[in-house]
Amino acid sequence: MKKHAQALMEMKGRTPIAMLTAYTCPVARAVERASIPVILVGDTVGMVEMGFESTRYVTIDHMTYHVGAVRRGAPETHIIGDLPYLTDKDPDTALWNARRLIAAGADSVKLEGAKTEVIRHLVDNGIAVVGHTGLTPQTAKSFTKVGRTEQEARQVLEDAIAIQEAGAFMIVLEHIPYDLGATLTDTLGIPTIGIGAGPDCDGQVLVINDALGLGDYWPPFSKQYAHVSRTILQVAEDFAGEVASREFPNNIIAFPGSGKA
């Protein structure tokens, strides 16, 4: 059964929340079969799938395309759709774009930073919102850890509280010191989802490409549960070799009624 925003909020302090990103229908189907309760269709798709150097190049059209694909693969999972760069620059623009993500299949939307007026406007218009603080890739000048100084840590804490008070039902904490992640989790009444924010958060999220080992570089706070890029390389090399030797397609096993000569 799909968990709605209220049900996810009630998991705080009770059940650790596992979250993965997904961008395609087959991956979303596998994630749902694994009983992961939340899928984030993140604007990270721009960097890990589309080859952009930054998430800033991702458009709302890109996001609606991927949200739709993920929804078709995971009809029973709570899906969060990311609002890309500048699509939440003011309350009305954010509402227009949030409604597009919802229409495409998202159950809630995520936006970066303490945009309290935007969050309130979305919530007042029936849109469930997930906040995001710490490292915010859309506006970050570097990808170094945020909150290492007392001033930075205080700002992250203040932003998180403001995001909660504006009406967000969940918040992503990215690349902050572990002790700050623990402080935020204890302070906030909404679930905290960590990505490089330590083990004391209410849940954890990983980019699926990082978890699969798909690519050439992965953030230091990620874990590779497989190395799919190596498998793809091996498959491509094996296929190329069989084509060159004319072994393929002669080595396809024909089954009765398959239509293969």
# chains A, B, ... in the order shown; residues from 1 in each chain; ligands from 1
$ residues_around --residues "range 54-70 of chain A" --least-positions-apart "5" --cutoff "8 Å" --atoms "only C-alpha atoms" --output "ChimeraX atom specification"
/A:22-25,27-29,41,43-47,79,81-85,87,97,100-101,104-106,137-138
$ select_by_dssp --residues "range 32-220 of chain A" --states "strand (DSSP E or B)" --output "ChimeraX atom specification"
/A:38-41,78-82,108-110,129-134,170-174,192-195,203-206
$ residues_around --residues "range 166-182 of chain A" --least-positions-apart "4" --cutoff "8 Å" --atoms "only C-alpha atoms" --output "PyMOL selection string"
chain A and resi 5-6+9+116-117+119-120+123+128-136+144-148+153+160+162+186+190-201+221
$ residues_around --residues "Tyr217 in chain A" --least-positions-apart "4" --cutoff "10 Å" --atoms "only C-alpha atoms" --output "list in words"
Val48, Asp210 and Gly213 of chain A
$ write_last_selection --atoms "C-alpha atoms" --output "short mmCIF file (atom, residue, chain, number, x, y, z; two decimals), in the first residue's frame"
data_model
loop_
_atom_site.label_atom_id
_atom_site.label_comp_id
_atom_site.auth_asym_id
_atom_site.auth_seq_id
_atom_site.Cartn_x
_atom_site.Cartn_y
_atom_site.Cartn_z
CA VAL A 48 24.10 10.70 -13.72
CA ASP A 210 25.80 5.26 -7.07
CA GLY A 213 28.23 1.36 -9.27
#
$ residues_around --residues "Ala34 in chain A" --least-positions-apart "3" --cutoff "12 Å" --atoms "only C-alpha atoms" --output "number ranges by chain"
A: 18-20, 27-31, 37-39, 74, 76-77
$ write_last_selection --atoms "all heavy atoms" --output "compact mmCIF listing (two decimals), in the first residue's frame"
# COMPACT_ATOMS: atom_id res chain seq x y z
N ALA A 18 13.87 3.93 4.13
CA ALA A 18 14.79 3.71 3.01
C ALA A 18 14.24 4.42 1.78
O ALA A 18 13.05 4.30 1.46
CB ALA A 18 14.94 2.22 2.72
N MET A 19 15.10 5.17 1.10
CA MET A 19 14.69 5.90 -0.09
C MET A 19 15.78 5.73 -1.16
O MET A 19 16.97 5.81 -0.85
CB MET A 19 14.50 7.39 0.23
CG MET A 19 14.00 8.24 -0.92
SD MET A 19 14.02 10.04 -0.55
CE MET A 19 12.98 10.13 0.90
N LEU A 20 15.36 5.48 -2.38
CA LEU A 20 16.28 5.43 -3.51
C LEU A 20 15.78 6.36 -4.60
O LEU A 20 14.58 6.62 -4.71
CB LEU A 20 16.37 4.01 -4.08
CG LEU A 20 17.25 3.00 -3.33
CD1 LEU A 20 17.03 1.61 -3.88
CD2 LEU A 20 18.72 3.38 -3.40
N VAL A 27 13.82 0.26 -13.48
CA VAL A 27 14.47 0.45 -12.17
C VAL A 27 13.41 0.71 -11.10
O VAL A 27 13.47 0.15 -10.00
CB VAL A 27 15.49 1.59 -12.24
CG1 VAL A 27 15.98 1.95 -10.83
CG2 VAL A 27 16.67 1.20 -13.11
N ALA A 28 12.44 1.54 -11.41
CA ALA A 28 11.37 1.83 -10.45
C ALA A 28 10.61 0.55 -10.09
O ALA A 28 10.25 0.34 -8.93
CB ALA A 28 10.41 2.86 -11.02
N ARG A 29 10.39 -0.30 -11.07
CA ARG A 29 9.68 -1.57 -10.82
C ARG A 29 10.48 -2.43 -9.84
O ARG A 29 9.91 -3.01 -8.91
CB ARG A 29 9.45 -2.31 -12.13
CG ARG A 29 8.64 -3.60 -11.98
CD ARG A 29 8.36 -4.23 -13.33
NE ARG A 29 7.50 -3.38 -14.15
CZ ARG A 29 7.86 -2.85 -15.31
NH1 ARG A 29 9.07 -3.09 -15.81
NH2 ARG A 29 7.02 -2.10 -15.99
N ALA A 30 11.78 -2.50 -10.03
CA ALA A 30 12.62 -3.29 -9.13
C ALA A 30 12.64 -2.70 -7.72
O ALA A 30 12.58 -3.42 -6.73
CB ALA A 30 14.04 -3.38 -9.69
N VAL A 31 12.71 -1.37 -7.63
CA VAL A 31 12.73 -0.71 -6.33
C VAL A 31 11.42 -0.97 -5.59
O VAL A 31 11.42 -1.24 -4.38
CB VAL A 31 12.99 0.80 -6.49
CG1 VAL A 31 12.82 1.53 -5.16
CG2 VAL A 31 14.41 1.04 -7.04
N PRO A 37 9.84 2.23 0.43
CA PRO A 37 8.60 2.99 0.54
C PRO A 37 8.56 4.30 -0.23
O PRO A 37 7.49 4.82 -0.51
CB PRO A 37 8.45 3.25 2.04
CG PRO A 37 9.86 3.23 2.55
CD PRO A 37 10.58 2.22 1.72
N VAL A 38 9.75 4.84 -0.57
CA VAL A 38 9.80 6.15 -1.22
C VAL A 38 10.82 6.14 -2.35
O VAL A 38 11.95 5.67 -2.17
CB VAL A 38 10.18 7.28 -0.24
CG1 VAL A 38 9.98 8.64 -0.90
CG2 VAL A 38 9.40 7.20 1.05
N ILE A 39 10.42 6.66 -3.49
CA ILE A 39 11.33 6.86 -4.62
C ILE A 39 11.45 8.36 -4.85
O ILE A 39 10.45 9.07 -4.94
CB ILE A 39 10.83 6.18 -5.91
CG1 ILE A 39 10.88 4.66 -5.76
CG2 ILE A 39 11.67 6.61 -7.11
CD1 ILE A 39 10.29 3.91 -6.95
N ALA A 74 6.32 1.98 -10.82
CA ALA A 74 6.08 1.84 -9.38
C ALA A 74 4.75 2.48 -9.00
O ALA A 74 4.72 3.54 -8.36
CB ALA A 74 7.22 2.46 -8.59
N GLU A 76 2.60 1.74 -6.81
CA GLU A 76 2.20 1.68 -5.40
C GLU A 76 3.21 2.32 -4.45
O GLU A 76 3.13 2.12 -3.24
CB GLU A 76 1.97 0.22 -5.00
CG GLU A 76 0.88 -0.48 -5.79
CD GLU A 76 -0.47 0.22 -5.66
OE1 GLU A 76 -0.76 0.74 -4.56
OE2 GLU A 76 -1.22 0.24 -6.65
N THR A 77 4.16 3.07 -4.98
CA THR A 77 5.20 3.67 -4.15
C THR A 77 5.04 5.18 -4.10
O THR A 77 4.65 5.80 -5.10
CB THR A 77 6.59 3.32 -4.73
OG1 THR A 77 6.72 1.90 -4.79
CG2 THR A 77 7.72 3.89 -3.86
$ closest_residue --among "A:Lys141, A:Ile163, A:Lys89, A:Gly42" --to "Val109 in chain A" --atoms "only C-alpha atoms"
A:Gly42
$ atom_distance --atom1 "CA of Glu112 in chain A" --atom2 "CA of Ala226 in chain A"
29.5 Å
$ residues_around --residues "Leu212 in chain A" --least-positions-apart "3" --cutoff "10 Å" --atoms "only C-alpha atoms" --output "ChimeraX atom specification"
/A:206-209,215,223-229
$ write_last_selection --atoms "N, CA, C and O atoms" --output "PDB file, in the first residue's frame"
ATOM      1  N   LEU A 206      19.915   7.064  -1.296  1.00  0.00           N
ATOM      2  CA  LEU A 206      21.053   6.908  -2.194  1.00  0.00           C
ATOM      3  C   LEU A 206      20.599   7.143  -3.627  1.00  0.00           C
ATOM      4  O   LEU A 206      19.473   6.796  -3.999  1.00  0.00           O
ATOM      5  N   VAL A 207      21.492   7.724  -4.414  1.00  0.00           N
ATOM      6  CA  VAL A 207      21.265   7.804  -5.855  1.00  0.00           C
ATOM      7  C   VAL A 207      21.457   6.402  -6.412  1.00  0.00           C
ATOM      8  O   VAL A 207      22.474   5.755  -6.153  1.00  0.00           O
ATOM      9  N   ILE A 208      20.487   5.906  -7.165  1.00  0.00           N
ATOM     10  CA  ILE A 208      20.514   4.519  -7.610  1.00  0.00           C
ATOM     11  C   ILE A 208      21.762   4.211  -8.432  1.00  0.00           C
ATOM     12  O   ILE A 208      22.335   3.131  -8.326  1.00  0.00           O
ATOM     13  N   ASN A 209      22.225   5.168  -9.227  1.00  0.00           N
ATOM     14  CA  ASN A 209      23.426   4.938 -10.030  1.00  0.00           C
ATOM     15  C   ASN A 209      24.643   4.724  -9.148  1.00  0.00           C
ATOM     16  O   ASN A 209      25.529   3.926  -9.473  1.00  0.00           O
ATOM     17  N   GLY A 215      28.830   4.236 -13.483  1.00  0.00           N
ATOM     18  CA  GLY A 215      29.526   5.492 -13.699  1.00  0.00           C
ATOM     19  C   GLY A 215      31.012   5.330 -13.413  1.00  0.00           C
ATOM     20  O   GLY A 215      31.510   4.219 -13.224  1.00  0.00           O
ATOM     21  N   LYS A 223      27.603   4.339  -1.300  1.00  0.00           N
ATOM     22  CA  LYS A 223      28.104   2.967  -1.247  1.00  0.00           C
ATOM     23  C   LYS A 223      27.735   2.265  -2.536  1.00  0.00           C
ATOM     24  O   LYS A 223      26.622   2.428  -3.040  1.00  0.00           O
ATOM     25  N   GLN A 224      28.667   1.463  -3.057  1.00  0.00           N
ATOM     26  CA  GLN A 224      28.415   0.699  -4.270  1.00  0.00           C
ATOM     27  C   GLN A 224      28.100  -0.749  -3.875  1.00  0.00           C
ATOM     28  O   GLN A 224      28.966  -1.468  -3.377  1.00  0.00           O
ATOM     29  N   TYR A 225      26.852  -1.143  -4.112  1.00  0.00           N
ATOM     30  CA  TYR A 225      26.428  -2.506  -3.813  1.00  0.00           C
ATOM     31  C   TYR A 225      26.712  -3.445  -4.977  1.00  0.00           C
ATOM     32  O   TYR A 225      26.588  -4.657  -4.852  1.00  0.00           O
ATOM     33  N   ALA A 226      27.070  -2.873  -6.110  1.00  0.00           N
ATOM     34  CA  ALA A 226      27.452  -3.634  -7.298  1.00  0.00           C
ATOM     35  C   ALA A 226      28.340  -2.721  -8.138  1.00  0.00           C
ATOM     36  O   ALA A 226      28.566  -1.552  -7.775  1.00  0.00           O
ATOM     37  N   HIS A 227      28.849  -3.247  -9.235  1.00  0.00           N
ATOM     38  CA  HIS A 227      29.642  -2.437 -10.170  1.00  0.00           C
ATOM     39  C   HIS A 227      29.133  -2.725 -11.580  1.00  0.00           C
ATOM     40  O   HIS A 227      29.759  -3.437 -12.365  1.00  0.00           O
ATOM     41  N   VAL A 228      27.971  -2.162 -11.853  1.00  0.00           N
ATOM     42  CA  VAL A 228      27.261  -2.453 -13.086  1.00  0.00           C
ATOM     43  C   VAL A 228      28.008  -1.944 -14.313  1.00  0.00           C
ATOM     44  O   VAL A 228      27.917  -2.537 -15.389  1.00  0.00           O
ATOM     45  N   SER A 229      28.771  -0.871 -14.177  1.00  0.00           N
ATOM     46  CA  SER A 229      29.539  -0.375 -15.324  1.00  0.00           C
ATOM     47  C   SER A 229      30.493  -1.447 -15.847  1.00  0.00           C
ATOM     48  O   SER A 229      30.687  -1.578 -17.056  1.00  0.00           O
TER      49      SER A 229
END
$ atom_distance --atom1 "CA of Lys115 in chain A" --atom2 "CA of Pro219 in chain A"
26.3 Å
$ select_by_dssp --residues "range 5-246 of chain A" --states "alpha helix (DSSP H)" --output "MDAnalysis selection string"
chainID A and resid 5:9 25:33 45:48 60:73 91:104 116:124 150:166 178:187 208:212 228:244
$ closest_residue --among "A:Leu184, A:Ile102, A:Ile17, A:Leu214" --to "Ser35 in chain A" --atoms "only C-alpha atoms"
A:Ile17
